[in-house]
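Visitor: For reference, the file entry06.txt (compact mmCIF, C-alpha atoms) is included below:
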```txt
# COMPACT_ATOMS: atom_id res chain seq x y z
CA MET V 1407 0.00 0.00 0.00
CA ARG V 1408 2.87 2.33 0.72
CA GLY V 1409 4.06 2.06 -2.89
CA LEU V 1410 0.59 2.88 -4.22
CA ALA V 1411 0.25 5.94 -2.01
CA GLY V 1412 3.71 7.14 -2.94
CA LYS V 1413 3.00 6.78 -6.64
CA LEU V 1414 -0.30 8.58 -6.42
CA GLY V 1415 1.24 11.22 -4.19
CA ARG V 1416 3.94 11.98 -6.75
CA CYS V 1417 1.35 11.99 -9.50
CA LEU V 1418 -0.69 14.61 -7.68
CA LEU V 1419 2.19 16.67 -6.31
CA ARG V 1420 2.42 18.91 -9.36
CA VAL V 1421 -1.36 19.45 -9.34
CA ALA V 1422 -1.30 20.30 -5.65
CA GLN V 1423 1.57 22.73 -6.09
CA GLU V 1424 -0.25 24.51 -8.90
CA GLN V 1425 -3.54 24.69 -7.01
CA GLN V 1426 -2.42 25.38 -3.46
CA GLN V 1427 -3.65 28.71 -2.18
CA ALA V 1428 -1.70 31.02 0.09
CA LEU V 1429 -2.63 30.69 3.74
CA LEU V 1430 -5.42 32.72 5.27
CA LEU V 1431 -4.21 35.35 7.68
CA PRO V 1432 -5.17 34.53 11.27
CA ASN V 1433 -7.36 37.64 11.66
CA CYS V 1434 -10.75 36.95 10.08
CA GLY V 1435 -11.14 40.62 9.27
CA GLN V 1436 -8.11 40.51 6.99
CA LEU V 1437 -8.50 37.20 5.21
CA GLN V 1438 -6.69 37.04 1.92
CA HIS V 1439 -6.18 34.41 -0.72
CA VAL V 1440 -3.60 34.48 -3.45
CA THR V 1441 -4.45 31.74 -5.89
CA LEU V 1442 -2.56 30.15 -8.72
CA SER V 1443 -3.78 28.81 -12.06
CA GLY V 1444 -6.80 31.11 -12.03
CA VAL V 1445 -8.46 29.49 -9.03
CA ALA V 1446 -10.93 31.59 -7.04
CA ALA V 1447 -9.63 34.47 -4.93
CA CYS V 1448 -11.00 35.98 -1.73
CA HIS V 1449 -9.42 39.31 -0.84
CA THR V 1450 -10.95 41.61 1.73
CA ALA V 1451 -8.13 44.00 2.45
CA SER V 1452 -8.46 45.82 -0.87
CA SER V 1453 -10.59 48.93 -1.11
CA SER V 1454 -11.50 47.96 -4.68
CA ALA V 1455 -13.07 44.62 -3.92
CA PRO V 1456 -14.88 42.96 -6.84
CA SER V 1457 -18.65 43.06 -7.01
CA PRO V 1458 -20.62 40.18 -5.49
CA ALA V 1459 -21.35 38.85 -8.98
CA GLY V 1460 -17.68 39.07 -9.93
CA LEU V 1461 -16.57 37.30 -6.77
CA SER V 1462 -19.20 34.64 -7.32
CA ARG V 1463 -17.86 33.96 -10.80
CA LEU V 1464 -14.35 33.74 -9.40
CA HIS V 1465 -15.45 31.27 -6.76
CA THR V 1466 -17.09 29.05 -9.36
CA ALA V 1467 -14.13 29.06 -11.71
CA VAL V 1468 -13.62 25.50 -10.55
CA LEU V 1469 -10.84 23.63 -12.29
CA PRO V 1470 -11.75 20.41 -14.08
CA GLN V 1471 -11.15 17.48 -11.77
CA PRO V 1472 -7.60 16.26 -12.47
CA ALA V 1473 -7.36 12.71 -13.75
CA ALA V 1474 -4.95 11.90 -10.93
CA THR V 1475 -7.45 13.14 -8.35
CA ALA V 1476 -10.15 11.01 -9.92
CA GLN V 1477 -7.80 8.02 -9.71
CA VAL V 1478 -7.21 8.64 -6.01
CA TRP V 1479 -10.94 8.89 -5.29
CA SER V 1480 -11.63 5.71 -7.25
CA SER V 1481 -8.81 3.80 -5.57
CA PHE V 1482 -9.91 4.72 -2.05
CA SER V 1483 -13.68 4.48 -2.52
CA ASN V 1484 -14.04 1.31 -0.41
CA VAL V 1485 -12.18 2.70 2.59
CA ASP V 1486 -14.17 3.34 5.76
CA PRO V 1487 -12.69 6.71 6.74
CA PHE V 1488 -13.64 6.31 10.40
CA ALA V 1489 -12.13 2.83 10.83
CA PRO V 1490 -8.37 3.54 11.22
CA VAL V 1491 -8.88 5.56 14.41
CA LEU V 1492 -12.30 4.33 15.54
CA SER V 1493 -11.11 2.68 18.75
CA GLU V 1494 -9.18 5.80 19.73
CA VAL V 1495 -12.12 8.09 19.00
CA GLN V 1496 -14.32 5.84 21.13
CA ALA V 1497 -11.83 6.17 23.97
CA ILE V 1498 -11.78 9.95 23.46
CA SER V 1499 -15.59 10.01 23.55
CA GLU V 1500 -15.62 8.08 26.80
CA ARG V 1501 -13.07 10.45 28.31
CA LEU V 1502 -15.17 13.42 27.21
CA ARG V 1503 -18.21 12.00 28.99
CA HIS V 1504 -16.18 11.80 32.19
CA SER V 1505 -14.49 15.16 31.77
CA VAL V 1506 -17.66 17.27 31.66
CA SER V 1507 -18.88 16.23 35.10
CA SER V 1508 -19.20 18.83 37.83
CA SER V 1509 -20.01 18.94 41.52
CA ILE V 1510 -23.14 20.87 40.51
CA PRO V 1511 -25.69 18.33 39.17
CA ALA V 1512 -27.58 20.82 37.00
CA LEU V 1513 -24.36 21.89 35.30
CA THR V 1514 -23.27 18.30 34.73
CA GLN V 1515 -26.63 17.43 33.21
CA ALA V 1516 -26.46 20.41 30.85
CA ALA V 1517 -22.78 20.03 29.91
CA GLU V 1518 -23.07 16.34 29.07
CA TYR V 1519 -26.25 16.80 27.01
CA PHE V 1520 -24.59 16.21 23.62
CA PHE V 1521 -21.90 13.85 24.90
CA ARG V 1522 -24.36 11.13 25.88
CA LYS V 1523 -24.30 7.89 23.92
CA GLY V 1524 -26.75 8.02 21.05
CA VAL V 1525 -26.69 11.80 20.61
CA GLU V 1526 -22.96 12.39 20.37
CA GLY V 1527 -22.97 12.94 16.62
CA LYS V 1528 -20.50 11.66 14.06
CA ARG V 1529 -17.41 12.80 15.99
CA LEU V 1530 -16.08 14.14 12.68
CA ARG V 1531 -13.62 16.58 14.21
CA PRO V 1532 -11.88 14.15 16.57
CA THR V 1533 -11.74 11.63 13.72
CA LEU V 1534 -10.15 14.09 11.29
CA THR V 1535 -7.69 15.19 13.96
CA MET V 1536 -6.56 11.65 14.77
CA LEU V 1537 -6.45 10.67 11.08
CA MET V 1538 -4.10 13.59 10.44
CA ALA V 1539 -1.95 12.54 13.39
CA SER V 1540 -1.81 9.00 11.98
CA ALA V 1541 -1.17 10.18 8.43
CA LEU V 1542 2.05 11.80 9.67
CA SER V 1543 3.06 9.03 12.09
CA HIS V 1544 5.90 6.52 11.86
CA GLY V 1545 3.83 3.49 12.85
CA SER V 1546 0.59 2.20 14.28
CA PRO V 1547 -0.31 3.46 17.76
CA SER V 1548 -0.08 0.99 20.60
CA LEU V 1549 -3.30 -0.70 21.70
CA GLU V 1550 -2.85 1.15 24.97
CA TYR V 1551 -4.01 4.30 23.21
CA SER V 1552 -7.37 2.69 22.44
CA LYS V 1553 -8.09 2.71 26.16
CA MET V 1554 -9.43 5.78 27.92
CA ASP V 1555 -6.80 8.01 29.47
CA VAL V 1556 -7.88 8.31 33.10
CA ARG V 1557 -5.52 11.14 34.02
CA PRO V 1558 -7.19 14.46 34.85
CA ALA V 1559 -7.32 17.17 32.21
CA ALA V 1560 -4.86 19.36 34.10
CA GLU V 1561 -2.16 16.67 34.11
CA HIS V 1562 0.43 16.85 31.35
CA ALA V 1563 0.62 13.76 29.12
CA PRO V 1564 4.23 13.05 28.12
CA GLU V 1565 3.23 10.60 25.37
CA LEU V 1566 2.89 12.23 21.92
CA ARG V 1567 -0.17 10.18 20.98
CA ARG V 1568 -1.98 11.10 24.18
CA ARG V 1569 -1.26 14.77 23.58
CA GLN V 1570 -2.65 14.44 20.06
CA GLN V 1571 -5.74 12.82 21.55
CA ARG V 1572 -6.05 15.82 23.85
CA ILE V 1573 -6.18 18.04 20.75
CA ALA V 1574 -9.07 15.93 19.46
CA GLU V 1575 -10.85 16.29 22.82
CA ILE V 1576 -10.34 20.04 22.84
CA ALA V 1577 -11.68 20.31 19.29
CA GLU V 1578 -14.86 18.46 20.23
CA LEU V 1579 -15.36 20.49 23.41
CA ILE V 1580 -15.04 23.73 21.44
CA HIS V 1581 -17.37 22.41 18.74
CA VAL V 1582 -20.14 21.37 21.14
CA ALA V 1583 -19.80 24.62 23.10
CA SER V 1584 -20.29 26.54 19.85
CA LEU V 1585 -23.41 24.49 19.08
CA LEU V 1586 -24.91 25.33 22.47
CA HIS V 1587 -24.23 29.02 21.97
CA ASP V 1588 -25.46 28.98 18.35
CA ASP V 1589 -28.73 27.37 19.34
CA VAL V 1590 -29.37 30.17 21.82
CA ILE V 1591 -28.51 32.85 19.26
CA ASP V 1592 -30.68 31.17 16.60
CA ASP V 1593 -33.48 30.30 19.06
CA ALA V 1594 -33.23 26.72 17.75
CA SER V 1595 -35.61 24.13 19.13
CA THR V 1596 -33.96 20.91 17.91
CA ARG V 1597 -30.44 19.58 17.43
CA ARG V 1598 -29.31 16.08 16.43
CA GLY V 1599 -32.89 14.92 16.30
CA ILE V 1600 -33.76 15.88 19.88
CA LEU V 1601 -34.75 19.03 21.71
CA SER V 1602 -31.94 21.56 21.83
CA LEU V 1603 -30.45 22.22 25.24
CA ASN V 1604 -31.80 25.76 25.36
CA ALA V 1605 -35.29 24.43 24.64
CA THR V 1606 -34.87 21.99 27.55
CA VAL V 1607 -33.24 24.04 30.30
CA GLY V 1608 -33.45 27.63 29.04
CA ASN V 1609 -31.02 30.03 27.41
CA LYS V 1610 -29.07 31.03 30.52
CA VAL V 1611 -28.15 27.49 31.52
CA ALA V 1612 -27.35 26.58 27.90
CA ILE V 1613 -24.96 29.53 27.60
CA LEU V 1614 -23.29 28.68 30.89
CA ALA V 1615 -22.97 25.04 29.86
CA GLY V 1616 -21.16 26.16 26.71
CA ASP V 1617 -18.90 28.39 28.78
CA PHE V 1618 -18.18 25.45 31.09
CA LEU V 1619 -17.11 23.28 28.12
CA LEU V 1620 -14.79 26.03 26.91
CA ALA V 1621 -13.31 26.26 30.39
CA ARG V 1622 -12.65 22.51 30.41
CA ALA V 1623 -11.07 22.82 26.97
CA SER V 1624 -8.82 25.59 28.28
CA VAL V 1625 -7.59 23.39 31.12
CA SER V 1626 -6.63 20.61 28.69
CA LEU V 1627 -5.03 23.14 26.37
CA ALA V 1628 -2.88 24.59 29.14
CA ALA V 1629 -1.77 21.08 30.17
CA LEU V 1630 -0.17 20.59 26.73
CA ARG V 1631 2.51 23.11 27.76
CA ASN V 1632 3.03 24.22 24.17
CA THR V 1633 2.60 27.92 23.45
CA GLN V 1634 2.28 27.40 19.68
CA ILE V 1635 -0.64 25.01 20.19
CA VAL V 1636 -2.23 27.40 22.68
CA GLU V 1637 -1.98 30.15 20.08
CA LEU V 1638 -3.49 28.00 17.31
CA LEU V 1639 -6.50 26.85 19.29
CA SER V 1640 -7.02 30.22 20.95
CA GLN V 1641 -7.36 31.64 17.45
CA VAL V 1642 -10.23 29.22 16.90
CA LEU V 1643 -12.14 30.79 19.78
CA GLU V 1644 -11.45 34.25 18.42
CA HIS V 1645 -12.60 33.16 14.96
CA LEU V 1646 -15.85 31.68 16.30
CA VAL V 1647 -16.73 34.99 17.93
CA SER V 1648 -15.59 37.01 14.91
CA GLY V 1649 -17.66 34.88 12.55
CA GLU V 1650 -20.80 35.29 14.63
CA ILE V 1651 -20.33 39.06 14.85
CA MET V 1652 -19.71 39.22 11.09
CA GLN V 1653 -23.00 37.40 10.57
CA MET V 1654 -24.95 39.60 12.97
CA THR V 1655 -23.61 42.99 11.80
CA ALA V 1656 -23.24 42.54 8.03
CA SER V 1657 -23.98 45.61 5.90
CA ASP V 1658 -26.23 45.40 2.84
CA GLU V 1659 -23.19 45.05 0.61
CA LYS V 1660 -21.83 42.16 2.66
CA LEU V 1661 -25.18 40.40 2.83
CA LEU V 1662 -24.83 39.94 -0.94
CA SER V 1663 -21.12 39.14 -0.90
CA MET V 1664 -19.67 35.70 -1.54
CA GLU V 1665 -16.41 37.06 -0.17
CA HIS V 1666 -18.07 37.82 3.15
CA TYR V 1667 -19.79 34.42 3.20
CA LEU V 1668 -16.49 32.58 2.77
CA GLN V 1669 -14.76 34.65 5.44
CA LYS V 1670 -17.57 33.87 7.85
CA THR V 1671 -17.52 30.20 6.89
CA TYR V 1672 -13.81 29.95 7.61
CA CYS V 1673 -14.26 31.62 10.99
CA LYS V 1674 -17.32 29.67 12.13
CA THR V 1675 -16.56 26.21 10.73
CA ALA V 1676 -13.25 25.70 8.95
CA SER V 1677 -10.90 27.34 11.45
CA LEU V 1678 -11.48 24.61 14.05
CA MET V 1679 -10.75 21.81 11.57
CA ALA V 1680 -7.76 23.61 10.07
CA ASN V 1681 -6.06 24.57 13.32
CA SER V 1682 -6.73 21.21 15.00
CA ALA V 1683 -5.14 19.42 12.04
CA LYS V 1684 -2.17 21.76 12.16
CA ALA V 1685 -1.85 21.37 15.92
CA VAL V 1686 -1.29 17.59 15.75
CA ALA V 1687 1.27 18.15 12.99
CA VAL V 1688 3.08 20.73 15.12
CA LEU V 1689 3.10 18.35 18.09
CA SER V 1690 4.80 15.69 15.97
CA ASP V 1691 7.54 18.17 14.97
CA GLN V 1692 6.64 18.21 11.28
CA PRO V 1693 8.35 20.80 9.04
CA PRO V 1694 6.43 24.08 8.62
CA GLU V 1695 5.38 23.22 5.07
CA VAL V 1696 3.83 19.94 6.22
CA CYS V 1697 2.04 21.70 9.08
CA ASP V 1698 0.65 24.12 6.50
CA MET V 1699 -0.56 21.19 4.37
CA ALA V 1700 -2.41 19.80 7.39
CA TRP V 1701 -3.93 23.23 8.03
CA SER V 1702 -4.94 23.61 4.40
CA TYR V 1703 -6.56 20.16 4.33
CA GLY V 1704 -8.67 21.08 7.35
CA ARG V 1705 -9.59 24.45 5.89
CA HIS V 1706 -10.76 23.03 2.58
CA VAL V 1707 -12.72 20.21 4.21
CA GLY V 1708 -14.28 22.67 6.66
CA ILE V 1709 -15.43 25.04 3.92
CA ALA V 1710 -16.78 22.15 1.84
CA PHE V 1711 -18.58 20.77 4.89
CA GLN V 1712 -20.35 24.07 5.55
CA VAL V 1713 -21.28 24.62 1.91
CA VAL V 1714 -22.85 21.15 1.82
CA ASP V 1715 -24.61 21.92 5.11
CA ASP V 1716 -26.06 25.05 3.53
CA ILE V 1717 -27.24 23.05 0.51
CA LEU V 1718 -28.91 20.45 2.74
CA ASP V 1719 -30.71 23.20 4.62
CA LEU V 1720 -32.51 23.93 1.35
CA THR V 1721 -32.94 20.40 0.02
CA ALA V 1722 -33.32 17.98 2.95
CA SER V 1723 -36.24 17.45 5.32
CA SER V 1724 -36.19 18.26 9.02
CA SER V 1725 -36.60 14.58 9.91
CA ILE V 1726 -33.40 13.72 8.03
CA LEU V 1727 -31.38 16.70 9.23
CA GLY V 1728 -32.36 16.34 12.89
CA LYS V 1729 -32.90 20.11 12.96
CA PRO V 1730 -35.35 22.48 11.23
CA ALA V 1731 -35.07 22.69 7.43
CA LEU V 1732 -34.84 26.10 5.74
CA ASN V 1733 -33.42 27.36 9.02
CA ASP V 1734 -30.86 29.64 7.34
CA ILE V 1735 -33.41 31.55 5.28
CA LYS V 1736 -35.79 31.70 8.23
CA SER V 1737 -32.92 33.22 10.22
CA GLY V 1738 -32.31 35.80 7.49
CA LEU V 1739 -29.08 34.24 6.20
CA ALA V 1740 -28.07 34.11 2.53
CA THR V 1741 -25.73 31.15 2.05
CA ALA V 1742 -23.73 30.03 -0.98
CA PRO V 1743 -26.61 28.52 -3.01
CA VAL V 1744 -28.74 31.59 -2.32
CA LEU V 1745 -25.98 34.01 -3.33
CA PHE V 1746 -25.32 32.06 -6.52
CA ALA V 1747 -29.04 32.02 -7.29
CA ALA V 1748 -29.24 35.79 -6.78
CA GLU V 1749 -26.89 36.30 -9.72
CA GLN V 1750 -29.38 34.68 -12.06
CA LYS V 1751 -32.48 35.88 -10.24
CA PRO V 1752 -32.00 39.55 -9.26
CA GLU V 1753 -35.44 39.43 -7.61
CA LEU V 1754 -33.71 37.59 -4.76
CA ARG V 1755 -31.53 40.56 -3.87
CA PRO V 1756 -34.20 42.68 -2.10
CA LEU V 1757 -35.34 39.57 -0.21
CA ILE V 1758 -31.78 38.96 0.98
CA LEU V 1759 -31.37 42.59 2.03
CA ARG V 1760 -34.52 42.52 4.16
CA LYS V 1761 -33.52 39.07 5.46
CA PHE V 1762 -36.66 37.36 4.13
CA LYS V 1763 -38.81 39.06 6.78
CA GLN V 1764 -41.86 40.05 4.73
CA GLU V 1765 -44.81 37.74 4.29
CA GLY V 1766 -44.28 35.46 1.32
CA ASP V 1767 -40.51 36.04 1.16
CA LEU V 1768 -39.68 32.50 2.23
CA SER V 1769 -41.74 30.72 -0.40
CA LYS V 1770 -40.69 33.18 -3.11
CA ALA V 1771 -37.02 32.71 -2.25
CA VAL V 1772 -37.33 28.92 -2.44
CA GLN V 1773 -39.03 29.16 -5.83
CA LEU V 1774 -36.33 31.46 -7.21
CA ILE V 1775 -33.53 29.25 -5.89
CA GLU V 1776 -35.12 26.14 -7.39
CA ALA V 1777 -35.44 27.94 -10.75
CA SER V 1778 -31.72 28.77 -10.76
CA ASP V 1779 -28.51 26.75 -10.81
CA GLY V 1780 -27.51 28.10 -7.40
CA ILE V 1781 -27.59 24.70 -5.72
CA GLN V 1782 -25.50 23.08 -8.45
CA ARG V 1783 -22.93 25.86 -8.34
CA ALA V 1784 -22.70 25.47 -4.57
CA LYS V 1785 -22.11 21.74 -5.09
CA ASP V 1786 -19.34 22.61 -7.55
CA LEU V 1787 -17.78 24.94 -4.99
CA ALA V 1788 -17.82 22.21 -2.34
CA ARG V 1789 -16.32 19.73 -4.79
CA HIS V 1790 -13.56 22.20 -5.63
CA HIS V 1791 -12.57 22.50 -1.97
CA CYS V 1792 -12.61 18.72 -1.55
CA ASP V 1793 -10.35 18.36 -4.57
CA MET V 1794 -7.99 20.87 -3.01
CA ALA V 1795 -8.01 18.86 0.24
CA VAL V 1796 -7.13 15.69 -1.69
CA GLY V 1797 -4.24 17.59 -3.24
CA MET V 1798 -2.90 18.48 0.19
CA VAL V 1799 -2.87 14.82 1.25
CA ALA V 1800 -1.14 13.81 -1.95
CA ALA V 1801 1.52 16.50 -1.51
CA MET V 1802 2.58 15.23 1.91
CA PRO V 1803 5.97 13.52 2.27
CA GLU V 1804 6.26 9.79 1.65
CA PRO V 1805 4.28 7.91 4.33
CA GLN V 1806 6.39 6.12 6.93
CA SER V 1807 4.07 3.20 7.73
CA ASP V 1808 1.13 1.20 6.43
CA HIS V 1809 -1.00 2.85 9.12
CA ALA V 1810 -0.04 6.25 7.70
CA VAL V 1811 -1.02 5.06 4.22
CA LEU V 1812 -4.40 3.82 5.45
CA SER V 1813 -5.01 7.07 7.31
CA ARG V 1814 -4.23 9.12 4.21
CA GLN V 1815 -6.65 6.98 2.24
CA ALA V 1816 -9.22 7.71 4.94
CA LEU V 1817 -8.56 11.46 4.72
CA VAL V 1818 -9.20 11.28 0.98
CA GLU V 1819 -12.34 9.20 1.38
CA MET V 1820 -13.59 11.61 4.05
CA THR V 1821 -13.80 14.32 1.40
CA ARG V 1822 -16.14 12.09 -0.60
CA ARG V 1823 -18.27 11.48 2.49
CA VAL V 1824 -18.48 15.24 3.07
CA LEU V 1825 -19.85 15.71 -0.44
CA SER V 1826 -22.29 12.81 -0.36
CA ARG V 1827 -23.68 13.21 3.16
CA LYS V 1828 -27.44 13.55 3.57
CA LYS V 1829 -27.51 15.13 7.03
```
Would you write out, as structure tokens, the structure that this file holds?
Guide:
Amino acid sequence: MRGLAGKLGRCLLRVAQEQQQALLLPNCGQLQHVTLSGVAACHTASSSAPSPAGLSRLHTAVLPQPAATAQVWSSFSNVDPFAPVLSEVQAISERLRHSVSSSIPALTQAAEYFFRKGVEGKRLRPTLTMLMASALSHGSPSLEYSKMDVRPAAEHAPELRRRQQRIAEIAELIHVASLLHDDVIDDASTRRGILSLNATVGNKVAILAGDFLLARASVSLAALRNTQIVELLSQVLEHLVSGEIMQMTASDEKLLSMEHYLQKTYCKTASLMANSAKAVAVLSDQPPEVCDMAWSYGRHVGIAFQVVDDILDLTASSSILGKPALNDIKSGLATAPVLFAAEQKPELRPLILRKFKQEGDLSKAVQLIEASDGIQRAKDLARHHCDMAVGMVAAMPEPQSDHAVLSRQALVEMTRRVLSRKK
């Protein structure tokens, strides 16, 4: 398997080098892309930013799928992307259930709400984090690491693999905390097919439960004793707040801007995946360029994930999603498929600007979107970012073990799962 991965990696290296975009600046208010080969650009620091329509065309100037990328996808299509690190992620999940307990019963009940078995979700972020750690490893982790680490969060773990598992834990704690806060902001009534926490215990307790999870994440982060990792994951918290404020305070111009949408998407969704992936690479002392590849993989997968999520909000039913359908439009948000549709259907623009608040706006917006190619263009955008993520995996140095090969196959297959998911 190592020979196959090496051959495909070399085959894709030139493609990846041509397509790779310059890194996003850490500050969400100054995000910039510099792209090669005519790939889409997002540049917010310029005073002469392109029009929304112009940016939209740039963002859909998706390159044809390279033959080598197609070969990789075909070769890895039978891989279960969760399998290589499943036992470790299960151990991490068990540790998370123990770590959110408190001496205050009401707080424990609220904090563990989405960590309970059966409602814990796909655990995508811990899985991606551990797959990236394995993709850059020199061998298979010991079976010991498939058992729950019983040490307290504040205790430093000297073992590299345990510290990488801590990154996965921190990522999931931050993610769930953001869900609790988002549900309060959005006044959501359901999440993961059950009542949202705020609908169960009220907004104040839900907010405090999210704060409690962030506090627990901070303890684990401090115990890593690595200032670079602290900086990376602290940026995630800053980005989450920045993204929410960007969404709440957008001007009319930005409500119609694909540029603004992608900035917000990086801050609210992709930053956590990108910086968690980079953090495990940094912990394993990878060269800066490899750490950047890990970051870029997470960024592209994160953006693709959110774009697909926005498509599903328009196309899937509430029973499948486990949360209300059409929630974005009902909340006044114009996502990628809506912005693309507005290029073809200018009648959408006034609806976007008034955040779909007038009677009949919702049904009219859905009709206009369905009569456009906005959903297909959003699918193309998601596919583009997944192709870029595949390129990052292929550009990594030669794998050092069969486990690393399998994990890279899983990272590639995960991009397919992101595109094909139904909820």
Visitor: What lies within 12 Å of Pro1694 in chain V using all atoms listed in the file, ignoring chain neighbours under 5 positions off, as a list in words?
Guide: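 Neighbouring residues, sequence-local ones excluded: Lys1684, Ala1685, Ala1687, Val1688, Leu1689, Met1699, Ala1700, Trp1701 and Met1802 of chain V.
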Visitor: If I take CA of Ala1795 in chain V and CA of Ala1710 in chain V, how far is one from the other in Å, to one decimal?
Guide: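 That distance, rounded to one decimal, is 9.5 Å.
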Visitor: One decimal, in Å: what's the spacing between CA of Ala1517 in chain V and CA of Ala1615 in chain V?
Guide: 5.0 Å
Visitor: Provide the CA of Ala1623 in chain V to CA of Leu1579 in chain V distance in Å, to one decimal place.
Guide: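 So the answer is 6.0 Å.
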Visitor: Quick one: of V:Lys1828, V:Pro1487, V:Ser1595, V:Asp1555, who's nearest to Ser1723 in chain V, counting all atoms listed in the file?
Guide: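 Counting all atoms listed in the file, the residue closest to Ser1723 in chain V is V:Lys1828.
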Visitor: Residues near range 1767-1777 of chain V, anyone? I mean within 12 Å using only C-alpha atoms, not counting same-chain ones fewer than 4 positions away, as an NGL selection string.
Guide: :V and (1717 or 1719-1721 or 1731-1763 or 1781-1784)
Visitor: Would you pick out the contacts of Lys1660 in chain V at 10 Å or less, using all atoms listed in the file, so that residues sharing its chain but fewer than 6 positions from it are not included, and give the list as a VMD selection string?
Guide: chain V and resid 1458 1652 to 1653 1666 to 1667 1759
Visitor: Which is closest to Val1636 in chain V among V:Ile1573, V:Gly1608, V:Met1536, V:Glu1819, if we use all atoms listed in the file?
Guide: V:Ile1573
Visitor: With a distance cut-off of 8 Å and all atoms listed in the file, select the neighbouring residues of range 1810-1817 of chain V, excluding the residue or stretch itself and same-chain residues fewer than 6 positions from it, and output the selection as a list of chain:residue names.
Guide: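 What passes the distance filter is V:Met1407, V:Arg1408, V:Ala1411, V:Phe1482, V:Val1485, V:Asp1486, V:Pro1487, V:Phe1488, V:Pro1490, V:Leu1534, V:Leu1537, V:Met1538, V:Ser1540, V:Ala1541, V:Leu1542, V:Ser1543, V:His1544, V:Gly1545, V:Ser1546, V:Val1796, V:Val1799.
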Visitor: Once you have the residues from the selection above, write them out as a PDB file, in the frame of the given file, restricted to C-alpha atoms.
Guide:
```
ATOM      1  CA  MET V1407       0.000   0.000   0.000  1.00  0.00           C
ATOM      2  CA  ARG V1408       2.870   2.330   0.720  1.00  0.00           C
ATOM      3  CA  ALA V1411       0.250   5.940  -2.010  1.00  0.00           C
ATOM      4  CA  PHE V1482      -9.910   4.720  -2.050  1.00  0.00           C
ATOM      5  CA  VAL V1485     -12.180   2.700   2.590  1.00  0.00           C
ATOM      6  CA  ASP V1486     -14.170   3.340   5.760  1.00  0.00           C
ATOM      7  CA  PRO V1487     -12.690   6.710   6.740  1.00  0.00           C
ATOM      8  CA  PHE V1488     -13.640   6.310  10.400  1.00  0.00           C
ATOM      9  CA  PRO V1490      -8.370   3.540  11.220  1.00  0.00           C
ATOM     10  CA  LEU V1534     -10.150  14.090  11.290  1.00  0.00           C
ATOM     11  CA  LEU V1537      -6.450  10.670  11.080  1.00  0.00           C
ATOM     12  CA  MET V1538      -4.100  13.590  10.440  1.00  0.00           C
ATOM     13  CA  SER V1540      -1.810   9.000  11.980  1.00  0.00           C
ATOM     14  CA  ALA V1541      -1.170  10.180   8.430  1.00  0.00           C
ATOM     15  CA  LEU V1542       2.050  11.800   9.670  1.00  0.00           C
ATOM     16  CA  SER V1543       3.060   9.030  12.090  1.00  0.00           C
ATOM     17  CA  HIS V1544       5.900   6.520  11.860  1.00  0.00           C
ATOM     18  CA  GLY V1545       3.830   3.490  12.850  1.00  0.00           C
ATOM     19  CA  SER V1546       0.590   2.200  14.280  1.00  0.00           C
ATOM     20  CA  VAL V1796      -7.130  15.690  -1.690  1.00  0.00           C
ATOM     21  CA  VAL V1799      -2.870  14.820   1.250  1.00  0.00           C
TER      22      VAL V1799
END
```
Visitor: Quick one: of V:Glu1650, V:Glu1644, V:Glu1565, V:Glu1765, who's nearest to Asp1588 in chain V, counting all atoms listed in the file?
Guide: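 Answer, going by the shortest atom-to-atom distance: V:Glu1650.
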Visitor: At most 12 Å is the cut-off: for each residue in range 1558-1624 of chain V with any atom that close to an atom of range 1520-1523 of chain V, write down the nearest atom pair and the distance in Å rounded to one decimal, counting all atoms listed in the file, chain first then increasing number, as a tab-separated table.
Guide:
```
residue	atom	partner	partner_atom	distance
V:Glu1575	CA	V:Phe1521	CA	11.5
V:Glu1578	CA	V:Phe1521	CA	9.6
V:Leu1579	CA	V:Phe1521	CA	9.4
V:His1581	CA	V:Phe1520	CA	10.7
V:Val1582	CA	V:Phe1520	CA	7.3
V:Ala1583	CA	V:Phe1520	CA	9.7
V:Ser1584	CA	V:Phe1520	CA	11.8
V:Leu1585	CA	V:Phe1520	CA	9.5
V:Leu1586	CA	V:Phe1520	CA	9.2
V:Thr1596	CA	V:Phe1520	CA	11.9
V:Arg1597	CA	V:Phe1520	CA	9.2
V:Arg1598	CA	V:Phe1520	CA	8.6
V:Gly1599	CA	V:Phe1520	CA	11.1
V:Ile1600	CA	V:Phe1520	CA	9.9
V:Leu1601	CA	V:Phe1520	CA	10.7
V:Ser1602	CA	V:Phe1520	CA	9.3
V:Leu1603	CA	V:Phe1520	CA	8.5
V:Ala1612	CA	V:Phe1520	CA	11.6
V:Ala1615	CA	V:Phe1520	CA	10.9
V:Gly1616	CA	V:Phe1520	CA	11.0
V:Leu1619	CA	V:Phe1521	CA	11.1
```
Visitor: Write out as number ranges by chain which residues come within 8 Å of Val1611 in chain V when counting all atoms listed in the file, dropping same-chain ones fewer than 5 positions away.
Guide: V: 1513, 1516, 1604
Visitor: Which one of V:Gly1708, V:His1504, V:Ser1807, V:Val1491 sits closest to Cys1792 in chain V if you count only C-alpha atoms?
Guide: V:Gly1708
